[in-house]
file work.cif (mmCIF, C-alpha atoms)
data_entry
loop_
_atom_site.group_PDB
_atom_site.id
_atom_site.type_symbol
_atom_site.label_atom_id
_atom_site.label_comp_id
_atom_site.auth_asym_id
_atom_site.auth_seq_id
_atom_site.Cartn_x
_atom_site.Cartn_y
_atom_site.Cartn_z
ATOM 1 C CA MET S 28 121.245 12.930 75.678
ATOM 2 C CA ARG S 29 121.434 16.417 74.182
ATOM 3 C CA PRO S 30 118.217 18.381 73.665
ATOM 4 C CA ASP S 31 116.400 18.719 70.371
ATOM 5 C CA ARG S 32 117.976 21.663 68.523
ATOM 6 C CA ARG S 33 114.519 22.876 67.586
ATOM 7 C CA ARG S 34 113.485 23.075 71.247
ATOM 8 C CA PRO S 35 116.562 23.702 73.405
ATOM 9 C CA TRP S 36 114.345 24.835 76.277
ATOM 10 C CA LEU S 37 113.510 21.179 76.907
ATOM 11 C CA GLY S 38 117.037 20.618 78.181
ATOM 12 C CA THR S 39 118.741 17.248 78.455
ATOM 13 C CA VAL S 40 117.944 13.737 79.649
ATOM 14 C CA GLU S 41 120.505 11.720 81.611
ATOM 15 C CA MET S 42 120.045 8.250 83.070
ATOM 16 C CA ARG S 43 122.465 6.077 85.047
ATOM 17 C CA THR S 44 122.362 2.782 86.919
ATOM 18 C CA TYR S 45 124.065 2.096 90.245
ATOM 19 C CA LEU S 46 124.747 -1.116 92.136
ATOM 20 C CA SER S 47 125.066 -1.444 95.898
ATOM 21 C CA VAL S 48 128.590 -2.636 96.721
ATOM 22 C CA ASP S 49 129.591 -2.832 100.389
ATOM 23 C CA ARG S 50 126.592 -0.614 101.222
ATOM 24 C CA GLU S 51 127.648 2.099 98.789
ATOM 25 C CA PHE S 52 126.234 2.871 95.360
ATOM 26 C CA VAL S 53 128.762 2.659 92.553
ATOM 27 C CA PRO S 54 128.162 3.061 88.797
ATOM 28 C CA ILE S 55 127.211 -0.399 87.601
ATOM 29 C CA GLU S 56 129.940 -0.405 84.944
ATOM 30 C CA GLU S 57 132.505 -0.069 87.757
ATOM 31 C CA ALA S 58 131.020 -2.788 89.968
ATOM 32 C CA PRO S 59 133.157 -5.913 90.498
ATOM 33 C CA VAL S 60 131.752 -9.296 89.493
ATOM 34 C CA PRO S 61 130.190 -10.865 92.615
ATOM 35 C CA LYS S 62 130.715 -14.474 93.644
ATOM 36 C CA HIS S 63 127.010 -15.073 93.191
ATOM 37 C CA TRP S 64 124.361 -12.961 91.441
ATOM 38 C CA SER S 65 120.973 -13.696 92.981
ATOM 39 C CA GLY S 66 118.971 -11.432 90.686
ATOM 40 C CA TYR S 67 117.822 -9.338 93.642
ATOM 41 C CA GLU S 68 120.878 -7.187 94.265
ATOM 42 C CA GLY S 69 120.192 -3.713 95.569
ATOM 43 C CA GLY S 70 120.754 -0.805 93.263
ATOM 44 C CA ALA S 71 119.330 2.434 91.977
ATOM 45 C CA VAL S 72 118.460 4.313 88.826
ATOM 46 C CA GLN S 73 118.983 8.036 88.453
ATOM 47 C CA LEU S 74 116.935 9.903 85.852
ATOM 48 C CA VAL S 75 117.629 13.611 85.393
ATOM 49 C CA ILE S 76 115.461 15.663 83.025
ATOM 50 C CA ASN S 77 116.200 19.337 82.392
ATOM 51 C CA GLY S 78 118.509 19.295 85.419
ATOM 52 C CA ARG S 79 115.743 17.967 87.692
ATOM 53 C CA SER S 80 116.216 14.578 89.330
ATOM 54 C CA ILE S 81 113.025 12.584 88.692
ATOM 55 C CA ILE S 82 114.186 9.137 89.822
ATOM 56 C CA ARG S 83 116.784 9.406 92.571
ATOM 57 C CA PRO S 84 119.311 6.962 94.043
ATOM 58 C CA GLU S 85 117.501 7.246 97.384
ATOM 59 C CA SER S 86 114.658 5.301 95.763
ATOM 60 C CA TRP S 87 116.728 2.141 95.612
ATOM 61 C CA ASP S 88 115.320 -1.328 95.024
ATOM 62 C CA ASP S 89 116.215 -4.715 93.532
ATOM 63 C CA ILE S 90 117.982 -3.339 90.490
ATOM 64 C CA GLU S 91 117.405 -6.057 87.888
ATOM 65 C CA PRO S 92 113.630 -6.359 88.555
ATOM 66 C CA LEU S 93 113.447 -2.556 88.631
ATOM 67 C CA TRP S 94 114.915 -2.260 85.150
ATOM 68 C CA MET S 95 112.619 -5.005 83.864
ATOM 69 C CA LEU S 96 109.698 -2.989 85.217
ATOM 70 C CA LEU S 97 110.955 0.240 83.623
ATOM 71 C CA ALA S 98 111.430 -1.525 80.294
ATOM 72 C CA GLY S 99 107.840 -2.710 80.638
ATOM 73 C CA LEU S 100 106.669 0.898 80.508
ATOM 74 C CA VAL S 101 108.312 1.284 77.104
ATOM 75 C CA THR S 102 106.844 -2.032 75.938
ATOM 76 C CA ALA S 103 103.345 -0.901 76.931
ATOM 77 C CA ILE S 104 103.644 2.339 74.980
ATOM 78 C CA GLY S 105 105.136 0.480 72.026
ATOM 79 C CA LYS S 106 102.021 -1.729 71.980
ATOM 80 C CA GLY S 107 99.737 1.271 71.672
ATOM 81 C CA ALA S 108 99.249 2.781 75.128
ATOM 82 C CA SER S 109 99.144 6.549 75.448
ATOM 83 C CA TYR S 110 100.540 6.161 78.967
ATOM 84 C CA ALA S 111 101.861 3.452 81.274
ATOM 85 C CA THR S 112 102.336 3.279 85.038
ATOM 86 C CA ALA S 113 103.842 0.843 87.527
ATOM 87 C CA SER S 114 105.300 0.711 91.029
ATOM 88 C CA PHE S 115 108.810 -0.147 92.154
ATOM 89 C CA PRO S 116 109.276 -3.895 92.843
ATOM 90 C CA ASP S 117 109.543 -3.653 96.646
ATOM 91 C CA GLN S 118 108.528 -0.078 97.404
ATOM 92 C CA PRO S 119 105.223 1.806 96.960
ATOM 93 C CA ILE S 120 106.824 4.294 94.581
ATOM 94 C CA PRO S 121 104.781 4.889 91.409
ATOM 95 C CA VAL S 122 106.449 5.795 88.141
ATOM 96 C CA GLY S 123 104.858 6.584 84.811
ATOM 97 C CA ILE S 124 105.320 7.840 81.264
ATOM 98 C CA ALA S 125 102.636 9.625 79.231
ATOM 99 C CA LEU S 126 102.744 10.736 75.604
ATOM 100 C CA GLN S 127 101.549 14.257 74.874
ATOM 101 C CA ALA S 128 101.024 16.458 71.833
ATOM 102 C CA ASP S 129 103.909 18.051 69.917
ATOM 103 C CA ASP S 130 106.129 14.991 70.428
ATOM 104 C CA LEU S 131 106.437 15.553 74.162
ATOM 105 C CA VAL S 132 106.466 13.066 77.024
ATOM 106 C CA VAL S 133 105.558 13.578 80.691
ATOM 107 C CA VAL S 134 107.500 11.558 83.265
ATOM 108 C CA VAL S 135 106.406 11.275 86.903
ATOM 109 C CA CYS S 136 107.818 9.446 89.920
ATOM 110 C CA GLY S 137 106.464 9.388 93.474
ATOM 111 C CA ARG S 138 103.343 10.718 95.180
ATOM 112 C CA GLY S 139 102.380 13.615 97.399
ATOM 113 C CA GLN S 140 105.226 15.815 98.552
ATOM 114 C CA HIS S 141 107.684 13.327 97.059
ATOM 115 C CA ARG S 142 106.150 13.520 93.575
ATOM 116 C CA ARG S 143 108.538 14.704 90.859
ATOM 117 C CA ARG S 144 107.454 15.566 87.331
ATOM 118 C CA ALA S 145 109.160 16.713 84.136
ATOM 119 C CA VAL S 146 108.397 17.226 80.453
ATOM 120 C CA ALA S 147 110.870 16.141 77.786
ATOM 121 C CA ASP S 148 111.185 15.844 74.041
ATOM 122 C CA LYS S 149 109.944 12.389 73.033
ATOM 123 C CA ARG S 150 112.959 11.371 70.962
ATOM 124 C CA THR S 151 115.503 12.753 73.432
ATOM 125 C CA PHE S 152 113.831 10.974 76.346
ATOM 126 C CA PHE S 153 113.308 7.559 74.786
ATOM 127 C CA GLU S 154 116.779 7.507 73.239
ATOM 128 C CA ALA S 155 118.421 8.192 76.615
ATOM 129 C CA PHE S 156 116.045 5.809 78.421
ATOM 130 C CA CYS S 157 116.564 2.905 76.014
ATOM 131 C CA ARG S 158 120.329 3.311 75.813
ATOM 132 C CA ALA S 159 120.595 3.357 79.614
ATOM 133 C CA GLY S 160 118.420 0.258 79.870
ATOM 134 C CA ILE S 161 120.345 -1.682 77.239
ATOM 135 C CA ASP S 162 123.614 -0.793 78.969
ATOM 136 C CA ALA S 163 122.172 -1.901 82.319
ATOM 137 C CA PHE S 164 121.027 -5.273 80.956
ATOM 138 C CA ASP S 165 124.454 -5.801 79.380
ATOM 139 C CA GLN S 166 126.042 -5.093 82.765
ATOM 140 C CA PHE S 167 123.678 -7.536 84.494
ATOM 141 C CA GLU S 168 124.914 -10.222 82.108
ATOM 142 C CA ARG S 169 128.535 -9.295 82.822
ATOM 143 C CA LEU S 170 127.859 -9.590 86.552
ATOM 144 C CA GLY S 171 126.273 -13.021 86.209
ATOM 145 C CA GLY S 172 122.598 -12.112 85.814
ATOM 146 C CA GLY S 173 120.272 -11.138 83.012
ATOM 147 C CA GLN S 174 118.981 -14.654 82.321
ATOM 148 C CA HIS S 175 115.354 -13.531 82.583
ATOM 149 C CA ALA S 176 115.786 -10.092 81.034
ATOM 150 C CA ALA S 177 116.260 -10.930 77.344
ATOM 151 C CA LEU S 178 112.756 -9.862 76.315
ATOM 152 C CA ALA S 179 112.972 -6.628 78.299
ATOM 153 C CA ARG S 180 116.301 -5.761 76.678
ATOM 154 C CA GLN S 181 114.962 -6.620 73.226
ATOM 155 C CA SER S 182 111.990 -4.282 73.687
ATOM 156 C CA LEU S 183 114.420 -1.409 74.272
ATOM 157 C CA VAL S 184 116.501 -2.366 71.224
ATOM 158 C CA GLU S 185 113.372 -2.375 69.061
ATOM 159 C CA CYS S 186 112.348 0.981 70.506
ATOM 160 C CA LEU S 187 115.693 2.494 69.491
ATOM 161 C CA ASP S 188 115.595 0.964 66.011
ATOM 162 C CA ASP S 189 112.088 2.273 65.319
ATOM 163 C CA LEU S 190 112.882 5.620 66.926
ATOM 164 C CA TYR S 191 115.756 6.189 64.504
ATOM 165 C CA GLN S 192 113.416 5.345 61.632
ATOM 166 C CA GLY S 193 110.840 7.815 62.904
ATOM 167 C CA GLU S 194 108.251 5.100 63.511
ATOM 168 C CA TRP S 195 108.076 4.867 67.309
ATOM 169 C CA PRO S 196 106.155 5.739 69.335
ATOM 170 C CA ASN S 197 103.361 7.269 67.292
ATOM 171 C CA LEU S 198 100.725 9.365 69.027
ATOM 172 C CA ARG S 199 97.700 7.151 69.521
ATOM 173 C CA THR S 200 94.245 7.213 71.037
ATOM 174 C CA THR S 201 94.467 3.687 72.417
ATOM 175 C CA PRO S 202 93.472 3.337 76.086
ATOM 176 C CA CYS S 203 96.229 2.767 78.609
ATOM 177 C CA ILE S 204 97.929 -0.616 78.677
ATOM 178 C CA GLY S 205 98.929 -0.720 82.340
ATOM 179 C CA VAL S 206 102.011 -2.585 83.485
ATOM 180 C CA GLU S 207 100.317 -3.342 86.781
ATOM 181 C CA LYS S 208 97.465 -5.846 86.846
ATOM 182 C CA ALA S 209 94.974 -3.165 87.875
ATOM 183 C CA ALA S 210 95.438 -0.137 85.618
ATOM 184 C CA ALA S 211 94.695 3.231 87.168
ATOM 185 C CA ALA S 212 91.415 4.861 86.227
ATOM 186 C CA GLU S 213 91.821 7.588 83.632
ATOM 187 C CA ARG S 214 90.807 10.284 86.109
ATOM 188 C CA GLU S 215 93.465 9.160 88.556
ATOM 189 C CA ALA S 216 96.029 8.926 85.774
ATOM 190 C CA LYS S 217 95.334 12.504 84.662
ATOM 191 C CA ALA S 218 95.874 13.692 88.220
ATOM 192 C CA PHE S 219 99.041 11.597 88.531
ATOM 193 C CA PHE S 220 100.569 13.001 85.344
ATOM 194 C CA GLY S 221 99.158 16.496 85.839
ATOM 195 C CA VAL S 222 97.631 16.662 82.350
ATOM 196 C CA GLN S 223 94.220 17.431 80.891
ATOM 197 C CA ARG S 224 94.308 14.706 78.239
ATOM 198 C CA LEU S 225 96.003 11.331 77.933
ATOM 199 C CA SER S 226 95.220 10.585 74.270
ATOM 200 C CA TRP S 227 95.994 12.799 71.292
#

call {"tool": "encode", "arguments": {"input": "work.cif", "output": "structure tokens"}}
result
Amino acid sequence: MRPDRRRPWLGTVEMRTYLSVDREFVPIEEAPVPKHWSGYEGGAVQLVINGRSIIRPESWDDIEPLWMLLAGLVTAIGKGASYATASFPDQPIPVGIALQADDLVVVVCGRGQHRRRAVADKRTFFEAFCRAGIDAFDQFERLGGGQHAALARQSLVECLDDLYQGEWPNLRTTPCIGVEKAAAAEREAKAFFGVQRLSW
């Protein structure tokens, strides 16, 4: 998505989904329909913010569960969380989104030397994120999957609808609604996101 004209320094947000076909990643829209879709096909998501790759294809996983998890981050924030975190389905790779002042969002993936962080305009980020997710879920259905992803897809559709009406997400002071069963302590979350405050 193109940057906000008022703040061009924030750059752009691009997000794509890939599916593993014959041990190579191909754009999911170009993937052939398999004989059987198990729901655990390997794939990857690429998220590029301001030219910096935050989620990379090297961090591949079961692609349909991964997108359901990513959609869960948006659902958590839509329900009132100021931030949400989770880990990849089959890899210890943390990913999180945190709302900040001035309609900004902080996105982080990974830990330690593999940690990648970027700041984006809220509307630009969520519009690109939700559109990419909706497209991915539509492709899962085309490929024979998506039976358990209807609610996740719907949460992204609602996000887009409210975003265009200027109603989502509002800045809140609600404590974190973690996607994982054990939500990170606020101190750990601040360190993870690299911010001083998590509620505005």

call {"tool": "resolve_selection", "arguments": {"input": "work.cif", "expression": "the PyMOL selection byres ((chain S and resi 176) around 12)", "output": "VMD selection string"}}
result
chain S and resid 66 90 to 99 160 to 161 163 to 168 172 to 175 177 to 183

call {"tool": "atom_distance", "arguments": {"input": "work.cif", "atom1": "atom CA of S:Arg158", "atom2": "atom CA of S:Gln73"}}
result
13.6 Å

call {"tool": "closest_residue", "arguments": {"input": "work.cif", "among": "S:Gln192, S:Thr39, S:Ser47, S:Ser114", "to": "S:Val146", "atoms": "only C-alpha atoms"}}
result
S:Thr39

call {"tool": "atom_distance", "arguments": {"input": "work.cif", "atom1": "atom CA of S:Val184", "atom2": "atom CA of S:Cys157"}}
result
7.1 Å

call {"tool": "closest_residue", "arguments": {"input": "work.cif", "among": "S:Arg143, S:Arg214, S:His63, S:Arg79", "to": "S:Gly123", "atoms": "only C-alpha atoms"}}
result
S:Arg143

call {"tool": "resolve_selection", "arguments": {"input": "work.cif", "expression": "the PyMOL selection byres ((chain S and resi 69) around 8)", "output": "list in words"}}
result
Leu46, Ser47, Tyr67, Glu68, Gly70, Ala71, Trp87, Asp88, Asp89 and Ile90 of chain S

call {"tool": "resolve_selection", "arguments": {"input": "work.cif", "expression": "the PyMOL selection byres ((chain S and resi 56) around 9)", "output": "ChimeraX atom specification"}}
result
/S:44-46,53-55,57-59,162-163,166

call {"tool": "decode", "arguments": {"input": "work.cif", "residues": "stretch 80-102 of chain S", "atoms": "C-alpha atoms", "output": "PDB file, in the first residue's frame"}}
result
ATOM      1  CA  SER S  80      11.640  -7.070   5.375  1.00  0.00           C
ATOM      2  CA  ILE S  81      10.005  -7.768   8.751  1.00  0.00           C
ATOM      3  CA  ILE S  82       8.560 -11.224   8.062  1.00  0.00           C
ATOM      4  CA  ARG S  83      10.697 -13.124   5.571  1.00  0.00           C
ATOM      5  CA  PRO S  84      10.101 -16.214   3.421  1.00  0.00           C
ATOM      6  CA  GLU S  85      12.899 -17.965   5.325  1.00  0.00           C
ATOM      7  CA  SER S  86      10.535 -18.027   8.309  1.00  0.00           C
ATOM      8  CA  TRP S  87       8.266 -20.540   6.629  1.00  0.00           C
ATOM      9  CA  ASP S  88       5.624 -22.588   8.417  1.00  0.00           C
ATOM     10  CA  ASP S  89       2.246 -24.257   7.871  1.00  0.00           C
ATOM     11  CA  ILE S  90       0.759 -21.454   5.823  1.00  0.00           C
ATOM     12  CA  GLU S  91      -2.956 -21.723   6.610  1.00  0.00           C
ATOM     13  CA  PRO S  92      -2.474 -21.936  10.419  1.00  0.00           C
ATOM     14  CA  LEU S  93       0.071 -19.116  10.147  1.00  0.00           C
ATOM     15  CA  TRP S  94      -2.439 -16.799   8.506  1.00  0.00           C
ATOM     16  CA  MET S  95      -5.096 -17.744  11.058  1.00  0.00           C
ATOM     17  CA  LEU S  96      -2.622 -16.769  13.772  1.00  0.00           C
ATOM     18  CA  LEU S  97      -1.782 -13.461  12.069  1.00  0.00           C
ATOM     19  CA  ALA S  98      -5.475 -12.668  11.667  1.00  0.00           C
ATOM     20  CA  GLY S  99      -5.821 -13.353  15.385  1.00  0.00           C
ATOM     21  CA  LEU S 100      -3.514 -10.428  16.108  1.00  0.00           C
ATOM     22  CA  VAL S 101      -5.915  -8.114  14.286  1.00  0.00           C
ATOM     23  CA  THR S 102      -8.891  -9.663  16.090  1.00  0.00           C
TER      24      THR S 102
END
